[in-house]
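Engineer: Before anything else, here's the structure in question.
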Amino acid sequence: MKTTARAVVIGGGVVGVSTLYHLAKMGWSDVVLLERKELTSGSTWHAAGLLPLFNLSYSVGKLHQYSVNLYPTLEAETGLHAGLSQVTNIRLATTKDRMDEYHYYAGVARTIGVDVNFLTPGQVKDIWPLANMDGVIGAIQHPDDGYIQPADLTQALAKGARQRGATIYRNTTVTGITQQPNGEWLISTDQGDVTAEHVISCSGNFVRQTGAMVGLDIPVIPVEHQYLVTEQHPEIMARKKAGLPEMGVLRESDASYYMREEAGGLLLGPYEVGAPACYVDGPAANSEYELFPDALERLEPYIVAAMNRVPAFGEVGIKKVYNGAIAYTPDGSPIIGPAWGLKNFWLNEGHSFGITAAGGAGWQLAHWIVDGEPTIDMMGVDPRRFGDYAGRGFLIEKNEEAYAKVFTVHYPDEEREAGRALRRTPCYDRMKALGGVFGSVFGWERPNWFAPAGYALTAADLDKPDVLLNDNHPVVPDEPVREKWSFRRSNYFEHVGNECLHVTKHVGIQDMSAFAKCEISGPGAESWLDQLLTNAVPKKVGRVTLSYLLTQNAGVRSEFTVYKAAAQRYYLVSAGAYERHDHDYLKKAMPNDGSVNFERLTTAMGVLVLAGPRSRDVLAKLTDTDLSNEAFPWLTGKKMSIGLAPVDALRVNFIGELGWEIHHPIEMQNYIFDKLMESGAAFGIKPFGIRAMTSMALEKSYKLIPRELSVEYSAYESGLDRFISLKKPSFFGREALLAWKERGSANHLVTMEVHNVTDADARGSEPIYQGDDIVGRVTSGGYGWRVGKSLALAMVRPDLAVPGTELEITILGVRHKATIITDSPFDPDNNALRS
């Protein structure tokens, strides 16, 4: 056995072997894979082998697209047939909401280059003559989709890796992983030890045991998945004998199952409610090719639905039931990228659709390891999108939910119910009493909007379709239903509008305590931050700047508000959803000489936003600090007291109104909240939520990660010119940014007014057309209540990025005229902010 390697991959399923293959393909021949038993002996061997391109996540969609393009090429490269059958895939729709989902997805697909066809029921019948079309209103088809034999695919990738010099050791169990003082990793096995610069965990069902070896609680727990194979059916055998093409993979989304031909019979795979988490502490040491006892009683509703849709399915017996483990994460997407807190330890885990994702996951992770950056935006699968709140109990509940909701309509405003109310700020109960309808980010509860007193929806309001999957609203125990999810303007639309207009005319209060917060201090803090971030670090105590951390290739990685709180002390605030991501990059970039210190303050400090033209009046009644423009201008901060409570008040906000972010010790939040509400009563103070905030931010053309700001766009493409200080001799990514600017950009961020909108605004990822040509994609969209217009932010071809240019945006299958307008359609001169 080799004793040294450039990189060691742990796990010999299709994901691990693909990672090895792509590392070798990028020129790293000195790479090793360790597999405890035989290749594919974990979850890969019993996978159904489907290749679904359908995914509303940009990151996952790009990975699946790459895989489906790669797999047909493997036989020519390796001489091994990968068992690919590109028979197409058809997804049925029996409800209007499902068709909305398909139209929205088709926009996403077209912006990334995936072919999607819309089919009538008659066209589906032509392809699937055994299917009953009752209740079907339409379908989509991926012509390049189908299925593959997982074991054959894995062996082809393994051969391709070996041909490029990679080494695979089977029957080799990893017993320990230790990082040495020089940063290298010592991987101990029952066959000897190997030292490597990089370790990549692709251990599937064993992921939590692998993580424990390096002190990581990796947010992956498998769930049982059953599928069954029938005996041969005479009609399918007759089709084969007649030389007719195989019927495509059929998915009845509203009944939560997939079906395809298998050896003259049919294969049915339901995703049922009640499938349990398994291998919570990992499989047994001798686990190999393992299945669980079947539990067909859980599948009864789905089997009945399948028999109704395809009567032939009920006319033959069941030959075999497979019940095996599939790895899951709380949101159902895999985790691919660097582990937090560890140097050169990488994760490629949590693959619930591992056969489809394996090629793309190996491709991007290899780029990340070899080149230092991925080539596409991977934020949707970054391991650091979960925090330490995602422990064992949370994972069991959320992962079971993610499994059960594989086929539910994925509404853009959906807030899933499992694992909720885990992280609550002190004012949670006060906000709830005021009508707060909550969402969740990074485990925190945040009010999305506020319902009027006594507001509730009736069963008629919800209008739930008569299908198995009809979850179109959140179910909160002991609470009335107040929200209906939709791709269109839903019941909360007018209430969000009322919040926007109230803040603009009076004063509003918002809880933004979920912000990621940290303090950077020490004698080297200023110079280190100056060399790291794009903007000049504030030199004067009390100054506030907005700054960015770039990638080495000059894409945008993170956004920070930087406040100089005291000499040698800087307070950094970033998006709550990316706390672990942002803080991990900061900590890994810190010098080793002790000159810079990092302190996490997220849970120690709360944030209340006070905004609107009367916000100064509210605050003036509670403090003796001079709040005038001369004494307390925009983009400054001060230490002050609100009543008895010491706070840091920053004159910034994300809505474009006069206001302050009030950062305070979290234990004092309710005292401060009550004081603000008491003082604000005379001025009509009311709470406002995240949806009102994002509507008002859109009117100011404010940018979000990973929408307008992404590793795929340069800081200049995203319009960050005024936050980039080229007067500084250096900052991370500076030279790459200038080189990108010199060679020219492919995109330019613009603001657009969308015309003739009645009930559906752009959401993000919609394609933008000039004639028949796609010339851009929407990054964010919605309705601007202060300007009374449907708006969108978008990346378009630079030659078109001129105010007055008329293009078209496809929203839920309908083309809308859209005109590029000047940025910040509300208050372009920032008079409100500076008032």
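Labels for the structure tokens follow display order: chains A, B, ..., residues from 1 in each chain, ligands from 1.
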Could you list, as a ChimeraX atom specification, every residue within 6 Å of region 689-697 of chain A, counting only C-alpha atoms and ignoring same-chain residues fewer than 5 positions away?
Structural biologist: /A:447-449,496,500,654-655,702,784
Engineer: Using only C-alpha atoms, determine which residues lie at most 7 Å from region 245-260 of chain A, disregarding the query and same-chain residues fewer than 3 positions distant; provide the list as a list in words.
Structural biologist: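 My reading of the contact set: Val87, Thr88, Asn89, Ile90, Arg91, Leu92, Ala93, Thr94, Ile127, Trp128, Gly146, Leu266, Leu267, Leu268, Gly269, Pro270, Tyr271, Tyr302, Ala305, Phe407, Val467, Leu468 and Leu469 of chain A.
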Engineer: Keeping only C-alpha atoms, write the selected residues as an mmCIF file, in the first residue's frame.
Structural biologist:
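That gives us selection.cif:
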data_model
loop_
_atom_site.group_PDB
_atom_site.id
_atom_site.type_symbol
_atom_site.label_atom_id
_atom_site.label_comp_id
_atom_site.auth_asym_id
_atom_site.auth_seq_id
_atom_site.Cartn_x
_atom_site.Cartn_y
_atom_site.Cartn_z
ATOM 1 C CA VAL A 87 -35.130 6.982 -22.843
ATOM 2 C CA THR A 88 -36.266 10.510 -21.797
ATOM 3 C CA ASN A 89 -38.165 11.460 -18.671
ATOM 4 C CA ILE A 90 -41.760 12.659 -18.404
ATOM 5 C CA ARG A 91 -43.214 14.504 -15.411
ATOM 6 C CA LEU A 92 -46.976 14.663 -15.276
ATOM 7 C CA ALA A 93 -48.986 17.580 -13.947
ATOM 8 C CA THR A 94 -52.523 17.235 -12.636
ATOM 9 C CA ILE A 127 -44.993 7.816 -25.578
ATOM 10 C CA TRP A 128 -46.636 5.929 -22.691
ATOM 11 C CA GLY A 146 -33.186 8.377 -18.582
ATOM 12 C CA LEU A 266 -42.152 -2.171 -14.200
ATOM 13 C CA LEU A 267 -40.120 -0.512 -11.462
ATOM 14 C CA LEU A 268 -42.005 1.722 -9.028
ATOM 15 C CA GLY A 269 -40.299 4.060 -6.565
ATOM 16 C CA PRO A 270 -42.559 6.032 -4.213
ATOM 17 C CA TYR A 271 -41.397 8.726 -1.793
ATOM 18 C CA TYR A 302 -48.747 5.402 -3.814
ATOM 19 C CA ALA A 305 -52.195 5.849 -7.359
ATOM 20 C CA PHE A 407 -42.157 15.427 -5.114
ATOM 21 C CA VAL A 467 -54.225 14.713 -5.177
ATOM 22 C CA LEU A 468 -51.864 12.923 -2.801
ATOM 23 C CA LEU A 469 -49.494 15.877 -2.613
#
Engineer: Tell me which protein, DNA and RNA residues are within 8 Å of region 213-223 of chain A, counting only C-alpha atoms, leaving out same-chain ones fewer than 5 positions away, and put them as a list in words.
Structural biologist: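 Counting only C-alpha atoms, the residues come to Gly176, Ile177, Thr178, Asn205, Val207, Arg208, Ala275, Pro276, Ala277, Cys278, Tyr279, Val280, Ala325, Ile326, Ala327, Tyr328, Thr329, Pro330, Glu349, Gly350, Phe386, Asp388, Ala390, Gly391, Leu395, Ile396, Asn399, Glu400 and Tyr403 of chain A.
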Engineer: Do you know which residues are at most 10 Å from Gly83 (chain A) counting only C-alpha atoms, after dropping those on the same chain fewer than 3 positions away, and could you put them as a list of chain:residue names?
Structural biologist: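 Contacts, in chain order: A:Gly49, A:Tyr71, A:Pro72, A:Glu75, A:Leu80, A:Gln86, A:Tyr147, A:Ile148, A:Gln149, A:Pro150, A:Ala151, A:Asp152, A:Leu153, A:Ala156.
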Engineer: I'd like to know which of A:Lys686, A:Arg424, A:Arg557, A:His506 is closest to Glu712 (chain A), using only C-alpha atoms.
Structural biologist: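 Nearest to Glu712 (chain A): A:Arg557.
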